[in-house]
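Structure record follows, encoded as structure tokens.
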Amino acid sequence: MGIKVLFFGSVTDITQVGELSWDYCADTNILMKGLLGRFPALANKKYFLALNQQIIHENCQLKQGDTVAIMPPYSGG
Amino acid sequence: MGIKVLFFGSVTDITQVGELSWDYCADTNILMKGLLGRFPALANKKYFLALNQQIIHENCQLKQGDTVAIMPPYSGG
Amino acid sequence: MSSKKQHRIFFQGPIPAQKIADDIQKHAAKTNIGAHSIFLGQVRADELNGEKVVAIEYTAYELMVEEKMAVIREQFFEKYALTCMHIYHSLGRVAVGEICLFVFTSSAHRRDAIDACSEMVETIKKELPIWGKEICTNQSTVWKQNN
Amino acid sequence: MSSKKQHRIFFQGPIPAQKIADDIQKHAAKTNIGAHSIFLGQVRADELNGEKVVAIEYTAYELMVEEKMAVIREQFFEKYALTCMHIYHSLGRVAVGEICLFVFTSSAHRRDAIDACSEMVETIKKELPIWGKEICTNQSTVWKQNN
């Protein structure tokens with residue numbers, strides 16, 4: 001199953017896709033390292049992470065099938 | 001011309017009319033004395049006075065054609 | 001005051017929901033607006049001495065309301081960056097469930113519209129010579145009191 | 001959260017004024033309501049780098065919005081004595097002058113509806129994963145930033 005990665009807002013200007021499947025990795029730090037390798041411009045972005053729709057502020061363990069979202073600051077309303 | 005006296009809200013339960021013409025008198029204290037003579041139940045009411053649409057807090061001189069309104073606390077909205 | 005346009009705020013009977021929609025729609029052309037704030041007062045089926053309220057009948061010192069509103073409008077446009085402000089208050093009978101007050105403020109940024117609308121509702125209740133008489137099922141009446 | 005009814009807040013395209021009227025009208029039957037507070041967000045013709053904004057295109061992390069809103073709703077009903085609360089946010093393209101956000105709170109007494117509506121607007125802007133992309137006359141785009 002791996003990890004489902006979602007991109008939103010201005011982050012999609014970098015990734016060009018809204019969603020991708022990523023090989024399973026143990027935690028979100030490892031995941032972000034991989035994503036930064038693939039999308040180096042992400043390093044200059046301000047973004048938050050959500051793991052299964054919950055905002056996370058530190059490194060979190062991942063399990064198969066988890067969803068991680070990379071989200072720039074919100075601008076609804 | 002005299003003085004035009006207006007009654008509003010629950011005050012009209014006492015006066016039974018919304019408006020009456022009153023003989024000219026020199027100031028609002030004299031006017032109210034006269035009105036209390038005619039409508040004694042006013043003495044137990046809480047009310048404000050407006051002279052020509054302006055709230056007044058103390059005795060005011062009157063001139064011919066002035067309008068004095070006797071108004072209980074507002075309850076609009 | 002005399003130089004100010006008098007804005008009539010009174011509306012005979014209940015304010016229809018359709019009027020609110022129409023007024024909102026009219027503002028689509030004002031493309032500098034980013035926020036609308038609306039307050040609606042609705043007549044509530046309170047119970048008074050065991051009797052249900054079925055309607056409120058509103059009366060007002062209309063001339064004084066208009067003069068006061070002209071001053072209040074000016075103060076609000078000085079205090080808040082409003083694009084526009086519309087206020088309607090019913091006169092006469094408004095049944096339970098119907099709208100008796102419609103305050104509508106618009107601005108470029110949300111805080112002006114929201115804060116002005118909220119303050120205007122308080123101002124209307126406190127400053128405008130309007131009186132409501134609650135009419136109950138058994139036709140008994142009680143003069144409304146604001147808090 | 002799982003036991004809570006999920007309230008869908010998304011609305012495809014602009015929110016019509018008629019929907020607002022219809023929603024107000026529906027509340028006439030709730031005779032314990034005394035006050036409605038409504039906030040409407042309208043797309044503003046801002047100027048960005050000399051180009052006029054003609055529309056905003058909204059996208060959202062819909063599943064997360066729904067889960068968050070379920071929690072937020074619960075918090076608001078605990079904090080304020082609300083009779084009801086309805087929230088709609090546009091997805092997709094909303095042109096200048098059109099409505100993209102509709103917050104509608106109702107209560108017996110005015111402060112609950114007014115304060116809840118005001119706080120909800122701030123909460124939506126701050127807490128919900130929704131993004132707006134401003135589209136200009138020359139088709140250039142700028143991701144919106146909230147303040």
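By order in the structure tokens, chains are A, B, ...; within a chain, residues start at 1; ligands start at 1, following the order shown.
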- Task: Find the residues of chain A in contact range of chain D, meaning any atom within 8 Å when counting only C-alpha atoms, and list them as a VMD selection string.
- Result: chain A and resid 8 to 10 53 to 54 71 73 to 77
Based on the selection just made, write all heavy atoms of those residues as a CSV table (one decimal), in the first residue's frame.
chain,number,residue,atom,x,y,z
A,8,PHE,N,-1.3,20.4,-1.8
A,8,PHE,CA,-2.4,21.4,-1.9
A,8,PHE,C,-1.9,22.8,-2.2
A,8,PHE,O,-0.7,23.1,-1.9
A,8,PHE,CB,-3.2,21.4,-0.6
A,8,PHE,CG,-4.1,20.2,-0.4
A,8,PHE,CD1,-3.6,19.2,0.5
A,8,PHE,CD2,-5.2,20.0,-1.1
A,8,PHE,CE1,-4.4,18.0,0.6
A,8,PHE,CE2,-6.0,18.8,-0.9
A,8,PHE,CZ,-5.6,17.9,-0.1
A,9,GLY,N,-2.8,23.6,-2.7
A,9,GLY,CA,-2.5,25.1,-2.9
A,9,GLY,C,-1.2,25.3,-3.7
A,9,GLY,O,-0.9,24.5,-4.7
A,10,SER,N,-0.4,26.2,-3.3
A,10,SER,CA,0.8,26.6,-4.0
A,10,SER,C,1.8,25.5,-4.1
A,10,SER,O,2.7,25.5,-4.9
A,10,SER,CB,1.4,27.9,-3.4
A,10,SER,OG,1.7,27.7,-2.1
A,53,GLN,N,-5.3,13.4,8.2
A,53,GLN,CA,-6.1,14.6,8.4
A,53,GLN,C,-5.9,15.3,9.7
A,53,GLN,O,-6.7,16.1,10.1
A,53,GLN,CB,-7.6,14.3,8.3
A,53,GLN,CG,-8.1,13.9,6.9
A,53,GLN,CD,-7.9,12.4,6.6
A,53,GLN,OE1,-7.1,12.0,5.8
A,53,GLN,NE2,-8.6,11.6,7.4
A,54,GLN,N,-4.8,14.9,10.4
A,54,GLN,CA,-4.5,15.6,11.7
A,54,GLN,C,-3.2,16.3,11.5
A,54,GLN,O,-2.2,15.7,11.1
A,54,GLN,CB,-4.3,14.6,12.8
A,54,GLN,CG,-5.6,13.8,13.2
A,54,GLN,CD,-6.7,14.6,13.8
A,54,GLN,OE1,-6.4,15.6,14.5
A,54,GLN,NE2,-7.9,14.4,13.4
A,71,MET,N,0.8,21.0,3.0
A,71,MET,CA,-0.2,22.1,2.9
A,71,MET,C,0.4,23.4,3.2
A,71,MET,O,0.9,23.6,4.3
A,71,MET,CB,-1.4,21.8,3.8
A,71,MET,CG,-2.0,20.5,3.8
A,71,MET,SD,-3.5,20.3,4.8
A,71,MET,CE,-2.6,20.5,6.4
A,73,PRO,N,0.1,27.6,4.0
A,73,PRO,CA,-0.9,28.3,4.8
A,73,PRO,C,-2.3,28.4,4.2
A,73,PRO,O,-2.3,28.6,3.0
A,73,PRO,CB,-0.3,29.6,5.0
A,73,PRO,CG,1.2,29.4,4.9
A,73,PRO,CD,1.3,28.3,3.9
A,74,TYR,N,-3.3,28.2,5.0
A,74,TYR,CA,-4.7,28.2,4.4
A,74,TYR,C,-5.0,29.6,3.9
A,74,TYR,O,-4.6,30.6,4.4
A,74,TYR,CB,-5.7,27.8,5.5
A,74,TYR,CG,-5.3,26.5,6.2
A,74,TYR,CD1,-5.8,26.3,7.5
A,74,TYR,CD2,-4.6,25.5,5.6
A,74,TYR,CE1,-5.5,25.2,8.2
A,74,TYR,CE2,-4.3,24.4,6.3
A,74,TYR,CZ,-4.7,24.2,7.6
A,74,TYR,OH,-4.5,23.0,8.3
A,75,SER,N,-5.9,29.6,2.9
A,75,SER,CA,-6.4,30.9,2.4
A,75,SER,C,-7.9,30.8,2.0
A,75,SER,O,-8.2,31.3,0.9
A,75,SER,CB,-5.5,31.5,1.3
A,75,SER,OG,-5.4,30.6,0.3
A,76,GLY,N,-8.7,30.1,2.8
A,76,GLY,CA,-10.1,30.0,2.5
A,76,GLY,C,-10.8,31.3,2.9
A,76,GLY,O,-10.2,32.2,3.4
A,77,GLY,N,-12.1,31.3,2.6
A,77,GLY,CA,-13.0,32.4,3.0
A,77,GLY,C,-12.9,33.5,2.0
A,77,GLY,O,-12.2,33.5,1.0
- Item | Which of stretch 2-73 of chain D DSSP labels helix (DSSP H, G or I), written as a PyMOL selection string | chain D and resi 17-29+62-73
- Please return, as a PyMOL selection string, all residues of chain C lying within 10 Å of chain D when only C-alpha atoms are considered. chain C and resi 16-46+54+95-111+113-115+117-118+121-122+147
- Task: From a DSSP pass on the backbone, collect the residues of chain A flagged as strand (DSSP E or B) and hand them back as an NGL selection string.
- Result: :A and (3-7 or 19-22 or 27 or 48-51 or 54-56 or 61 or 67-71)
Those residues with C-alpha atoms, as an mmCIF file, in the first residue's frame please?
data_model
loop_
_atom_site.group_PDB
_atom_site.id
_atom_site.type_symbol
_atom_site.label_atom_id
_atom_site.label_comp_id
_atom_site.auth_asym_id
_atom_site.auth_seq_id
_atom_site.Cartn_x
_atom_site.Cartn_y
_atom_site.Cartn_z
ATOM 1 C CA ILE A 3 2.014 6.048 1.793
ATOM 2 C CA LYS A 4 -0.477 8.299 0.049
ATOM 3 C CA VAL A 5 0.934 11.810 -0.303
ATOM 4 C CA LEU A 6 -1.369 14.786 -1.004
ATOM 5 C CA PHE A 7 -0.291 18.265 -2.144
ATOM 6 C CA GLU A 19 -1.459 13.212 -5.158
ATOM 7 C CA LEU A 20 1.100 10.446 -5.430
ATOM 8 C CA SER A 21 1.850 7.047 -3.959
ATOM 9 C CA TRP A 22 5.128 6.795 -2.099
ATOM 10 C CA ASP A 27 8.341 8.102 9.649
ATOM 11 C CA PHE A 48 2.391 22.138 7.312
ATOM 12 C CA LEU A 49 1.995 18.389 7.441
ATOM 13 C CA ALA A 50 -1.159 16.476 8.225
ATOM 14 C CA LEU A 51 -1.091 12.764 8.960
ATOM 15 C CA GLN A 54 -4.499 15.610 11.688
ATOM 16 C CA ILE A 55 -1.911 18.385 11.755
ATOM 17 C CA ILE A 56 1.424 17.115 13.098
ATOM 18 C CA GLN A 61 5.766 7.050 12.811
ATOM 19 C CA THR A 67 -2.059 9.611 4.183
ATOM 20 C CA VAL A 68 0.310 12.561 4.531
ATOM 21 C CA ALA A 69 -0.724 15.984 3.235
ATOM 22 C CA ILE A 70 1.710 18.806 2.438
ATOM 23 C CA MET A 71 -0.200 22.051 2.873
#
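Put simply, atom CA of B:Val11 is 27.4 Å away from atom CA of C:His7.
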